[in-house]
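A.B. asks: What follows is model10.cif, made up of mmCIF, C-alpha atoms and all ligand atoms:
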```cif
data_query
#
loop_
_atom_site.group_PDB
_atom_site.id
_atom_site.type_symbol
_atom_site.label_atom_id
_atom_site.label_comp_id
_atom_site.auth_asym_id
_atom_site.auth_seq_id
_atom_site.Cartn_x
_atom_site.Cartn_y
_atom_site.Cartn_z
ATOM 1 C CA MET K 29 156.462 114.547 140.442
ATOM 2 C CA ILE K 30 156.237 112.120 143.347
ATOM 3 C CA GLU K 31 159.316 109.969 143.806
ATOM 4 C CA VAL K 32 159.546 106.813 145.896
ATOM 5 C CA LYS K 33 163.062 105.493 146.367
ATOM 6 C CA ASN K 34 163.946 102.025 147.639
ATOM 7 C CA LEU K 35 161.000 101.713 149.983
ATOM 8 C CA THR K 36 160.829 98.648 152.195
ATOM 9 C CA TYR K 37 158.192 98.616 154.902
ATOM 10 C CA THR K 38 157.609 96.128 157.709
ATOM 11 C CA TYR K 39 154.615 96.128 160.040
ATOM 12 C CA MET K 40 155.203 95.255 163.701
ATOM 13 C CA LYS K 41 158.938 95.103 163.205
ATOM 14 C CA LYS K 42 160.911 93.049 165.707
ATOM 15 C CA THR K 43 157.847 91.229 167.005
ATOM 16 C CA PRO K 44 156.687 87.672 166.271
ATOM 17 C CA PHE K 45 153.991 89.269 164.045
ATOM 18 C CA GLU K 46 156.506 91.021 161.814
ATOM 19 C CA LYS K 47 155.151 91.374 158.276
ATOM 20 C CA VAL K 48 157.099 92.763 155.323
ATOM 21 C CA ALA K 49 154.430 94.653 153.368
ATOM 22 C CA LEU K 50 156.636 96.367 150.744
ATOM 23 C CA LYS K 51 159.994 95.322 149.333
ATOM 24 C CA ASP K 52 162.367 97.760 147.680
ATOM 25 C CA ILE K 53 159.760 99.784 145.817
ATOM 26 C CA SER K 54 161.016 102.546 143.526
ATOM 27 C CA LEU K 55 158.431 104.517 141.613
ATOM 28 C CA ASP K 56 158.127 107.899 139.897
ATOM 29 C CA ILE K 57 154.661 109.327 139.547
ATOM 30 C CA ARG K 58 154.744 111.963 136.848
ATOM 31 C CA ASP K 59 152.643 115.115 136.824
ATOM 32 C CA GLY K 60 149.396 114.742 134.929
ATOM 33 C CA GLU K 61 149.460 110.988 134.564
ATOM 34 C CA PHE K 62 146.702 108.521 135.351
ATOM 35 C CA LEU K 63 148.386 105.724 137.225
ATOM 36 C CA ALA K 64 146.636 102.608 138.435
ATOM 37 C CA ILE K 65 148.020 100.448 141.207
ATOM 38 C CA ALA K 66 146.719 96.912 140.919
ATOM 39 C CA GLY K 67 147.246 93.783 142.928
ATOM 40 C CA HIS K 68 145.540 91.088 144.894
ATOM 41 C CA THR K 69 144.263 91.729 148.447
ATOM 42 C CA GLY K 70 147.257 91.919 150.776
ATOM 43 C CA SER K 71 149.750 92.802 148.011
ATOM 44 C CA GLY K 72 150.610 96.114 149.680
ATOM 45 C CA LYS K 73 148.554 98.660 147.717
ATOM 46 C CA SER K 74 147.038 100.477 150.682
ATOM 47 C CA THR K 75 150.323 100.498 152.583
ATOM 48 C CA LEU K 76 152.090 101.998 149.566
ATOM 49 C CA ILE K 77 149.622 104.829 149.048
ATOM 50 C CA GLN K 78 149.508 105.679 152.739
ATOM 51 C CA ILE K 79 153.286 106.010 152.703
ATOM 52 C CA VAL K 80 153.122 108.097 149.518
ATOM 53 C CA ALA K 81 150.587 110.397 151.173
ATOM 54 C CA GLY K 82 152.784 110.736 154.255
ATOM 55 C CA LEU K 83 150.301 108.998 156.559
ATOM 56 C CA ILE K 84 152.684 106.202 157.493
ATOM 57 C CA ASP K 85 156.028 107.467 158.610
ATOM 58 C CA VAL K 86 159.188 106.389 156.804
ATOM 59 C CA GLU K 87 162.689 107.869 156.550
ATOM 60 C CA LYS K 88 162.986 111.394 155.234
ATOM 61 C CA ASP K 89 164.219 110.914 151.671
ATOM 62 C CA ILE K 90 162.171 107.892 150.683
ATOM 63 C CA VAL K 91 159.152 109.839 149.428
ATOM 64 C CA THR K 92 159.501 113.279 147.859
ATOM 65 C CA VAL K 93 156.820 115.465 146.319
ATOM 66 C CA ASP K 94 158.161 117.931 143.758
ATOM 67 C CA GLY K 95 161.565 117.417 145.326
ATOM 68 C CA GLU K 96 160.453 118.021 148.909
ATOM 69 C CA SER K 97 160.145 115.328 151.611
ATOM 70 C CA VAL K 98 156.571 114.237 152.233
ATOM 71 C CA LYS K 99 157.336 114.726 155.913
ATOM 72 C CA ASN K 100 156.917 118.477 155.262
ATOM 73 C CA LYS K 101 153.382 119.761 155.620
ATOM 74 C CA SER K 102 153.635 121.805 152.412
ATOM 75 C CA ALA K 103 154.439 118.644 150.454
ATOM 76 C CA ARG K 104 151.691 116.606 152.130
ATOM 77 C CA ARG K 105 149.129 119.278 151.307
ATOM 78 C CA LYS K 106 149.580 118.657 147.596
ATOM 79 C CA ILE K 107 148.207 115.143 148.031
ATOM 80 C CA GLY K 108 144.560 114.253 148.543
ATOM 81 C CA ILE K 109 143.674 110.719 149.576
ATOM 82 C CA VAL K 110 140.281 109.063 149.389
ATOM 83 C CA PHE K 111 140.269 105.927 151.538
ATOM 84 C CA GLN K 112 138.332 102.768 150.891
ATOM 85 C CA TYR K 113 134.712 103.318 151.977
ATOM 86 C CA PRO K 114 135.377 107.024 152.647
ATOM 87 C CA GLU K 115 131.718 107.566 153.536
ATOM 88 C CA HIS K 116 132.369 105.845 156.857
ATOM 89 C CA GLN K 117 134.381 108.879 157.832
ATOM 90 C CA LEU K 118 131.609 111.447 157.393
ATOM 91 C CA PHE K 119 130.823 112.896 160.767
ATOM 92 C CA GLU K 120 129.443 116.453 160.488
ATOM 93 C CA GLU K 121 125.732 117.133 160.765
ATOM 94 C CA THR K 122 125.404 118.608 157.272
ATOM 95 C CA VAL K 123 126.898 117.892 153.869
ATOM 96 C CA GLU K 124 128.185 121.445 153.647
ATOM 97 C CA LYS K 125 130.056 121.248 156.962
ATOM 98 C CA ASP K 126 131.561 117.936 156.049
ATOM 99 C CA ILE K 127 132.947 119.163 152.726
ATOM 100 C CA ALA K 128 134.099 122.422 154.354
ATOM 101 C CA PHE K 129 135.969 120.667 157.152
ATOM 102 C CA GLY K 130 139.300 120.254 155.338
ATOM 103 C CA PRO K 131 139.469 123.702 153.712
ATOM 104 C CA ARG K 132 138.525 125.290 157.051
ATOM 105 C CA ASN K 133 141.380 123.391 158.688
ATOM 106 C CA PHE K 134 143.702 124.805 156.047
ATOM 107 C CA GLY K 135 142.798 128.214 157.488
ATOM 108 C CA LEU K 136 141.072 129.563 154.368
ATOM 109 C CA SER K 137 138.640 132.494 154.589
ATOM 110 C CA GLU K 138 134.924 131.669 154.907
ATOM 111 C CA ASP K 139 134.296 133.065 151.392
ATOM 112 C CA GLU K 140 136.984 130.840 149.945
ATOM 113 C CA VAL K 141 135.663 127.857 151.916
ATOM 114 C CA ALA K 142 132.128 128.448 150.573
ATOM 115 C CA ALA K 143 133.420 128.756 147.004
ATOM 116 C CA ARG K 144 135.377 125.524 147.337
ATOM 117 C CA VAL K 145 132.364 123.649 148.733
ATOM 118 C CA ASP K 146 130.252 124.730 145.733
ATOM 119 C CA GLU K 147 132.974 123.844 143.271
ATOM 120 C CA ALA K 148 133.597 120.419 144.825
ATOM 121 C CA MET K 149 129.863 119.652 144.858
ATOM 122 C CA LYS K 150 129.586 120.574 141.190
ATOM 123 C CA LEU K 151 132.595 118.431 140.305
ATOM 124 C CA THR K 152 131.046 115.429 142.033
ATOM 125 C CA GLU K 153 127.615 116.226 140.586
ATOM 126 C CA LEU K 154 125.968 116.727 143.941
ATOM 127 C CA ASP K 155 122.878 118.929 143.909
ATOM 128 C CA LEU K 156 123.679 122.151 145.798
ATOM 129 C CA ASN K 157 120.314 121.783 147.576
ATOM 130 C CA LEU K 158 121.852 118.885 149.485
ATOM 131 C CA LYS K 159 124.143 121.233 151.425
ATOM 132 C CA THR K 160 121.853 121.373 154.427
ATOM 133 C CA ALA K 161 121.022 117.660 154.362
ATOM 134 C CA SER K 162 122.513 115.273 156.885
ATOM 135 C CA PRO K 163 124.983 112.914 155.200
ATOM 136 C CA PHE K 164 123.046 110.106 156.838
ATOM 137 C CA GLU K 165 119.892 110.899 154.851
ATOM 138 C CA LEU K 166 121.712 110.288 151.568
ATOM 139 C CA SER K 167 122.107 107.186 149.435
ATOM 140 C CA GLY K 168 125.355 105.213 149.596
ATOM 141 C CA GLY K 169 126.539 106.630 146.273
ATOM 142 C CA GLN K 170 125.756 110.205 147.343
ATOM 143 C CA ARG K 171 127.556 109.725 150.645
ATOM 144 C CA ARG K 172 130.631 108.559 148.806
ATOM 145 C CA ARG K 173 130.445 111.651 146.571
ATOM 146 C CA VAL K 174 130.277 113.873 149.644
ATOM 147 C CA ALA K 175 133.381 112.208 151.038
ATOM 148 C CA ILE K 176 135.208 112.665 147.738
ATOM 149 C CA ALA K 177 134.013 116.281 147.468
ATOM 150 C CA GLY K 178 135.600 116.905 150.878
ATOM 151 C CA ILE K 179 138.961 115.878 149.451
ATOM 152 C CA LEU K 180 138.502 117.777 146.168
ATOM 153 C CA ALA K 181 137.741 120.920 148.159
ATOM 154 C CA LEU K 182 141.391 120.787 149.243
ATOM 155 C CA LYS K 183 142.366 121.146 145.556
ATOM 156 C CA PRO K 184 145.056 118.481 145.620
ATOM 157 C CA LYS K 185 147.588 118.380 142.805
ATOM 158 C CA TYR K 186 147.811 114.610 143.284
ATOM 159 C CA LEU K 187 144.674 112.619 144.031
ATOM 160 C CA ILE K 188 144.910 109.081 145.384
ATOM 161 C CA LEU K 189 141.786 106.929 145.419
ATOM 162 C CA ASP K 190 141.803 103.538 147.177
ATOM 163 C CA GLU K 191 139.235 101.220 145.567
ATOM 164 C CA PRO K 192 136.796 104.119 145.037
ATOM 165 C CA THR K 193 134.129 101.995 143.328
ATOM 166 C CA ALA K 194 134.047 99.144 145.863
ATOM 167 C CA GLY K 195 130.522 98.272 146.869
ATOM 168 C CA LEU K 196 128.782 100.633 144.438
ATOM 169 C CA ASP K 197 126.078 99.563 141.987
ATOM 170 C CA PRO K 198 127.129 99.511 138.303
ATOM 171 C CA LYS K 199 125.547 102.841 137.382
ATOM 172 C CA THR K 200 126.935 104.804 140.344
ATOM 173 C CA ARG K 201 130.244 103.157 139.703
ATOM 174 C CA LYS K 202 130.328 104.251 136.087
ATOM 175 C CA ASN K 203 129.372 107.824 137.018
ATOM 176 C CA LEU K 204 132.101 107.988 139.616
ATOM 177 C CA LEU K 205 134.699 106.713 137.154
ATOM 178 C CA ASP K 206 133.555 109.310 134.611
ATOM 179 C CA GLU K 207 134.043 112.013 137.242
ATOM 180 C CA ILE K 208 137.525 110.765 138.024
ATOM 181 C CA LYS K 209 138.286 110.866 134.311
ATOM 182 C CA LYS K 210 137.056 114.463 134.147
ATOM 183 C CA LEU K 211 139.277 115.434 137.071
ATOM 184 C CA HIS K 212 142.239 113.918 135.292
ATOM 185 C CA LYS K 213 141.382 115.882 132.132
ATOM 186 C CA SER K 214 141.318 119.055 134.222
ATOM 187 C CA GLY K 215 144.958 118.442 135.149
ATOM 188 C CA VAL K 216 144.862 116.492 138.428
ATOM 189 C CA THR K 217 147.357 113.619 138.655
ATOM 190 C CA ILE K 218 145.372 110.485 139.511
ATOM 191 C CA ILE K 219 146.594 107.438 141.401
ATOM 192 C CA LEU K 220 143.841 104.854 141.346
ATOM 193 C CA VAL K 221 144.132 101.745 143.474
ATOM 194 C CA SER K 222 141.967 98.993 142.104
ATOM 195 C CA HIS K 223 141.763 95.306 141.503
ATOM 196 C CA TYR K 224 139.051 95.777 138.870
ATOM 197 C CA MET K 225 140.838 95.352 135.571
ATOM 198 C CA GLU K 226 137.798 96.725 133.738
ATOM 199 C CA ASP K 227 138.225 100.105 135.450
ATOM 200 C CA ILE K 228 141.960 100.115 134.829
ATOM 201 C CA ALA K 229 141.464 99.204 131.159
ATOM 202 C CA ARG K 230 139.028 102.048 130.685
ATOM 203 C CA LEU K 231 140.945 104.789 132.451
ATOM 204 C CA ALA K 232 144.592 104.257 133.258
ATOM 205 C CA GLU K 233 147.540 105.224 131.057
ATOM 206 C CA ARG K 234 149.945 103.250 133.184
ATOM 207 C CA VAL K 235 149.541 100.418 135.636
ATOM 208 C CA VAL K 236 151.841 99.201 138.347
ATOM 209 C CA VAL K 237 151.165 95.679 139.595
ATOM 210 C CA LEU K 238 152.119 94.604 143.101
ATOM 211 C CA THR K 239 152.573 91.007 144.187
ATOM 212 C CA SER K 240 153.568 90.294 147.790
ATOM 213 C CA GLY K 241 154.876 93.812 148.212
ATOM 214 C CA GLU K 242 156.955 93.909 145.038
ATOM 215 C CA ILE K 243 156.442 95.660 141.709
ATOM 216 C CA VAL K 244 156.107 92.905 139.102
ATOM 217 C CA PHE K 245 154.880 95.081 136.228
ATOM 218 C CA ASP K 246 155.020 98.755 135.248
ATOM 219 C CA GLY K 247 153.618 99.699 131.840
ATOM 220 C CA THR K 248 150.479 100.286 129.810
ATOM 221 C CA PRO K 249 147.292 98.299 130.485
ATOM 222 C CA ARG K 250 147.413 96.993 126.903
ATOM 223 C CA LYS K 251 150.866 95.541 127.520
ATOM 224 C CA LEU K 252 149.803 94.074 130.874
ATOM 225 C CA PHE K 253 146.819 92.300 129.348
ATOM 226 C CA SER K 254 149.049 90.620 126.786
ATOM 227 C CA GLN K 255 151.137 89.106 129.588
ATOM 228 C CA ASN K 256 148.821 86.485 131.011
ATOM 229 C CA GLU K 257 151.567 85.004 133.152
ATOM 230 C CA ILE K 258 151.991 88.189 135.172
ATOM 231 C CA LEU K 259 148.245 88.458 135.653
ATOM 232 C CA GLU K 260 148.098 84.904 136.851
ATOM 233 C CA THR K 261 150.872 85.260 139.445
ATOM 234 C CA ALA K 262 149.350 88.546 140.556
ATOM 235 C CA GLY K 263 145.930 86.913 140.923
ATOM 236 C CA LEU K 264 144.262 89.383 138.558
ATOM 237 C CA GLU K 265 141.707 88.783 135.817
ATOM 238 C CA LEU K 266 141.694 90.025 132.266
ATOM 239 C CA PRO K 267 138.964 92.500 131.368
ATOM 240 C CA ALA K 268 136.058 90.619 129.747
ATOM 241 C CA ALA K 269 136.612 92.285 126.348
ATOM 242 C CA THR K 270 140.291 91.291 126.221
ATOM 243 C CA ARG K 271 139.480 87.758 127.347
ATOM 244 C CA ILE K 272 136.903 87.299 124.600
ATOM 245 C CA MET K 273 139.271 88.572 121.902
ATOM 246 C CA GLN K 274 142.016 86.221 123.082
ATOM 247 C CA LYS K 275 139.544 83.321 122.921
ATOM 248 C CA ILE K 276 138.472 84.253 119.406
ATOM 249 C CA SER K 277 142.123 84.463 118.367
ATOM 250 C CA ARG K 278 142.904 81.054 119.898
ATOM 251 C CA ALA K 279 139.959 79.618 117.979
ATOM 252 C CA GLY K 280 141.877 80.486 114.821
ATOM 253 C CA PHE K 281 140.463 83.869 113.827
ATOM 254 C CA ASN K 282 142.910 86.575 112.896
ATOM 255 C CA VAL K 283 141.811 89.347 115.253
ATOM 256 C CA ASN K 284 143.708 91.950 117.229
ATOM 257 C CA THR K 285 143.788 90.822 120.856
ATOM 258 C CA GLU K 286 145.078 94.125 122.206
ATOM 259 C CA ILE K 287 141.574 95.175 123.098
ATOM 260 C CA LEU K 288 140.609 96.974 126.287
ATOM 261 C CA THR K 289 136.921 97.738 126.159
ATOM 262 C CA ILE K 290 133.672 96.258 124.851
ATOM 263 C CA ASP K 291 133.461 99.111 122.304
ATOM 264 C CA GLU K 292 136.896 98.270 120.928
ATOM 265 C CA ALA K 293 136.015 94.566 120.804
ATOM 266 C CA GLU K 294 132.803 95.278 118.905
ATOM 267 C CA LYS K 295 134.637 97.373 116.314
ATOM 268 C CA GLU K 296 137.345 94.748 115.854
ATOM 269 C CA ILE K 297 134.825 91.928 115.446
ATOM 270 C CA LEU K 298 132.676 93.869 112.991
ATOM 271 C CA THR K 299 135.641 94.873 110.808
ATOM 272 C CA THR K 300 137.348 91.477 110.668
ATOM 273 C CA ILE K 301 134.546 88.951 110.633
HETATM 274 N N1 LIG S 401 148.135 97.701 160.366
HETATM 275 C C1 LIG S 401 148.702 96.554 159.970
HETATM 276 N N2 LIG S 401 149.366 95.767 160.834
HETATM 277 C C2 LIG S 401 149.954 94.628 160.435
HETATM 278 N N3 LIG S 401 149.925 94.157 159.177
HETATM 279 C C3 LIG S 401 149.273 94.890 158.280
HETATM 280 C C4 LIG S 401 148.622 96.123 158.612
HETATM 281 N N4 LIG S 401 148.050 96.627 157.506
HETATM 282 C C5 LIG S 401 148.337 95.760 156.518
HETATM 283 N N5 LIG S 401 149.058 94.717 156.975
HETATM 284 C C6 LIG S 401 149.582 93.588 156.170
HETATM 285 O O1 LIG S 401 150.423 94.098 155.157
HETATM 286 C C7 LIG S 401 150.176 93.470 153.905
HETATM 287 C C8 LIG S 401 149.745 94.494 152.864
HETATM 288 O O2 LIG S 401 148.469 94.999 153.232
HETATM 289 P P1 LIG S 401 147.734 96.163 152.434
HETATM 290 O O3 LIG S 401 148.703 97.234 152.163
HETATM 291 O O4 LIG S 401 146.506 96.503 153.186
HETATM 292 O O5 LIG S 401 147.368 95.410 151.061
HETATM 293 P P2 LIG S 401 146.216 95.705 149.985
HETATM 294 O O6 LIG S 401 145.762 97.116 150.136
HETATM 295 O O7 LIG S 401 146.880 95.424 148.672
HETATM 296 O O8 LIG S 401 145.130 94.722 150.253
HETATM 297 C C9 LIG S 401 149.130 92.389 154.193
HETATM 298 O O9 LIG S 401 149.796 91.180 154.430
HETATM 299 C C10 LIG S 401 148.452 92.882 155.438
HETATM 300 O O10 LIG S 401 147.957 91.800 156.193
HETATM 301 MG MG MG S 402 143.814 97.858 150.433
#
```
Would you put the structure from the file into structure tokens?
Ligand SMILES: Nc1ncnc2c1ncn2[C@@H]1O[C@H](COP(=O)(O)OP(=O)(O)O)[C@@H](O)[C@H]1O
Ligand SMILES: [Mg+2]

C.D. replies:
Amino acid sequence: MIEVKNLTYTYMKKTPFEKVALKDISLDIRDGEFLAIAGHTGSGKSTLIQIVAGLIDVEKDIVTVDGESVKNKSARRKIGIVFQYPEHQLFEETVEKDIAFGPRNFGLSEDEVAARVDEAMKLTELDLNLKTASPFELSGGQRRRVAIAGILALKPKYLILDEPTAGLDPKTRKNLLDEIKKLHKSGVTIILVSHYMEDIARLAERVVVLTSGEIVFDGTPRKLFSQNEILETAGLELPAATRIMQKISRAGFNVNTEILTIDEAEKEILTTI
């Protein structure tokens, strides 16, 4: 479990540019869950996950991983983080070297490194023939997979992804989300940062909503989508399927509005109308 206790974080403290990014955040992330963190741009999502991953320094007991401070290397190593546009951080001359970089830094044997590269490429559905390719010869979607494979090769217990589908075309985006779902099924705890309610509706078991650095909601996506007021203050949109069902209901039809996906909406419409 990852525990965050009473976290307040201010950028450029004691300067005229001081900015409170997070206010008294307390959050438990349980093993095996699929947690989404949603919120408008500037609400504090990226700051929060960087603190959770130990990349921004805070006091010792604020973030613990399985009971140990995230300031300890052994705790930090349990967490993998995929930044927004991770492909911008590829720098090695081949795909293989890029994915191997992290595991090599962990001091693993070359055999173990090679095995992890293969496994991570399979998980992200990258053709093993691409190992010798330069990351710069690949498509945008493939480059992003390489970057994610580099994190998976570290075998994190907790995987944080910051807007992983930003800028991808719909098909690549769907494939990537399916892969994240598979990883979750295999036992990895997922923390997905996103402002796409469609993605959250399809995947997350629990969603935490941030507004101006504060948690304004913590519960299931279904519950969130029935609370239009919270969505409005948070500057978030309902998934299209939920929105349509609410409209149909307001028009006087007796339909269930707790609908998350197009498939669910279709079923509900066909059985009630
Ligand atoms: N390095 C930084 N220096 C100063 N202010 C920052 C920095 N990074 C983020 N902020 C500010 O902190 C707030 C939260 O930002 P961020 O965590 O990036 O939000 P989000 O990821 O939800 O868009 C914003 O007001 C942002 O302008
Ligand atoms: Mg961000």

A.B. asks: Might you pull out every residue within 12 Å of Leu204 of chain K, with all atoms listed in the file counted and same-chain residues fewer than 5 positions away left off, and present them as a ChimeraX atom specification?

C.D. replies: /K:151-154,169-170,172-174,176-177,189,191-194,196-199,209-211,227,231

A.B. asks: Hey, could you make a per-residue contact list for chain K against ligand LIG 401 (chain S) with 8 Å as the cut-off, showing the nearest pair of atoms and its distance in Å to one decimal, counting all atoms listed in the file, sorted by chain and number, as CSV?

C.D. replies:
```
residue,atom,partner,partner_atom,distance
K:Thr38,CA,S:LIG401,O1,7.9
K:Tyr39,CA,S:LIG401,C2,4.9
K:Met40,CA,S:LIG401,C2,6.2
K:Phe45,CA,S:LIG401,C2,7.6
K:Glu46,CA,S:LIG401,C2,7.6
K:Lys47,CA,S:LIG401,N3,6.0
K:Val48,CA,S:LIG401,O1,6.8
K:Ala49,CA,S:LIG401,O1,4.4
K:Leu50,CA,S:LIG401,C8,7.4
K:Ala66,CA,S:LIG401,O7,7.9
K:Gly67,CA,S:LIG401,O7,6.0
K:His68,CA,S:LIG401,O7,5.9
K:Thr69,CA,S:LIG401,O8,3.6
K:Gly70,CA,S:LIG401,O5,3.5
K:Ser71,CA,S:LIG401,O7,3.9
K:Gly72,CA,S:LIG401,O3,3.3
K:Lys73,CA,S:LIG401,O7,3.8
K:Ser74,CA,S:LIG401,O6,3.6
K:Thr75,CA,S:LIG401,O3,3.7
K:Leu76,CA,S:LIG401,O3,6.4
K:Leu238,CA,S:LIG401,O7,7.7
K:Ser240,CA,S:LIG401,C8,7.6
K:Gly241,CA,S:LIG401,C8,7.0
```

A.B. asks: Take atom CA of Ala148 of chain K and atom CA of Ile228 of chain K and report the distance between them in Å, one decimal.

C.D. replies: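 Between atom CA of Ala148 of chain K and atom CA of Ile228 of chain K the gap is 24.1 Å.
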
A.B. asks: Using the chain letters and numbers from the file, which residues does the PyMOL selection byres (((chain K and resi 35) around 6) and not hetatm) grab, as a list in words?

C.D. replies: Lys33, Asn34, Thr36, Asp52 and Ile53 of chain K

A.B. asks: Go ahead and save the residues from that selection, with C-alpha atoms, as a compact mmCIF listing (two decimals), keeping the file's coordinate frame.

C.D. replies:
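Result went into again-v1.txt, see below:
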```txt
# COMPACT_ATOMS: atom_id res chain seq x y z
CA LYS K 33 163.06 105.49 146.37
CA ASN K 34 163.95 102.02 147.64
CA THR K 36 160.83 98.65 152.20
CA ASP K 52 162.37 97.76 147.68
CA ILE K 53 159.76 99.78 145.82
```

A.B. asks: Evaluated on this file, the PyMOL selection byres (((chain K and resi 182) around 9) and not hetatm) picks out some residues - which ones are they, written as a ChimeraX atom specification?

C.D. replies: /K:105-108,130-131,134,144,148,177-181,183-184

A.B. asks: Which residues are near Thr270 of chain K? Cut-off 8 Å, all atoms listed in the file, ignore same chain within fewer than 6 positions. Put them as a compact mmCIF listing (two decimals) with C-alpha atoms, keeping the file's coordinate frame.

C.D. replies:
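Dumped everything to around-v2.txt:
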```txt
# COMPACT_ATOMS: atom_id res chain seq x y z
CA PHE K 253 146.82 92.30 129.35
CA THR K 285 143.79 90.82 120.86
CA GLU K 286 145.08 94.12 122.21
CA ILE K 287 141.57 95.18 123.10
CA LEU K 288 140.61 96.97 126.29
CA THR K 289 136.92 97.74 126.16
CA ALA K 293 136.01 94.57 120.80
```

A.B. asks: Take atom CA of Thr122 of chain K and atom CA of Asp139 of chain K and report the distance between them in Å, one decimal.

C.D. replies: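 Computing the Euclidean distance for atom CA of Thr122 of chain K and atom CA of Asp139 of chain K yields 18.0 Å.
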
A.B. asks: So how far away is atom CA of Ser214 of chain K from atom CA of Leu166 of chain K, in Å?

C.D. replies: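 Pair atom CA of Leu166 of chain K / atom CA of Ser214 of chain K returns 27.6 Å.
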
A.B. asks: I'd like the residues picked by the PyMOL selection byres (((chain K and resi 102) around 12) and not hetatm) written out as a PyMOL selection string, using the chain letters and numbers from the file.

C.D. replies: chain K and resi 81-82+92-101+103-107+134+184-185

A.B. asks: Restricting the calculation to only C-alpha atoms, which member of K:Leu136, K:Leu63, K:Ile84, K:Val110 is positioned closest to Leu220 of chain K?

C.D. replies: K:Leu63

A.B. asks: Which one is closest to ligand MG 402 (chain S): K:Val244, K:Met225, K:Ala269, K:Ile77? Count all atoms listed in the file.

C.D. replies: K:Ile77

A.B. asks: Name the closest residue to ligand MG 402 (chain S) among the candidates K:Ser254, K:Asn203, K:Ser54, K:Gln112; distances are taken between atoms, counting all atoms listed in the file.

C.D. replies: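 Comparing K:Ser254, K:Asn203, K:Ser54, K:Gln112 against ligand MG 402 (chain S), the winner is K:Gln112.
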
A.B. asks: Under the rule that only C-alpha atoms and all ligand atoms are counted, which of K:Glu120, K:Ala262, K:Tyr113, K:Phe129 is the nearest residue to ligand MG 402 (chain S)?

C.D. replies: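 Checking each candidate against ligand MG 402 (chain S), we get K:Tyr113 as the closest.
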
A.B. asks: K:Asp190, K:Glu115, K:Glu124, K:Glu242: which is nearest ligand MG 402 (chain S), counting all atoms listed in the file?

C.D. replies: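 Closest candidate: K:Asp190.
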
A.B. asks: Pick the closest to ligand MG 402 (chain S) from K:Leu118, K:Ile30, K:Val221, K:Val235: which is it, counting all atoms listed in the file?

C.D. replies: K:Val221

A.B. asks: What's the 12 Å shell around Phe119 of chain K, counting all atoms listed in the file, without same-chain residues fewer than 2 positions away, as a PyMOL selection string?

C.D. replies: chain K and resi 114-117+121-129+162-164+171+174-175+178
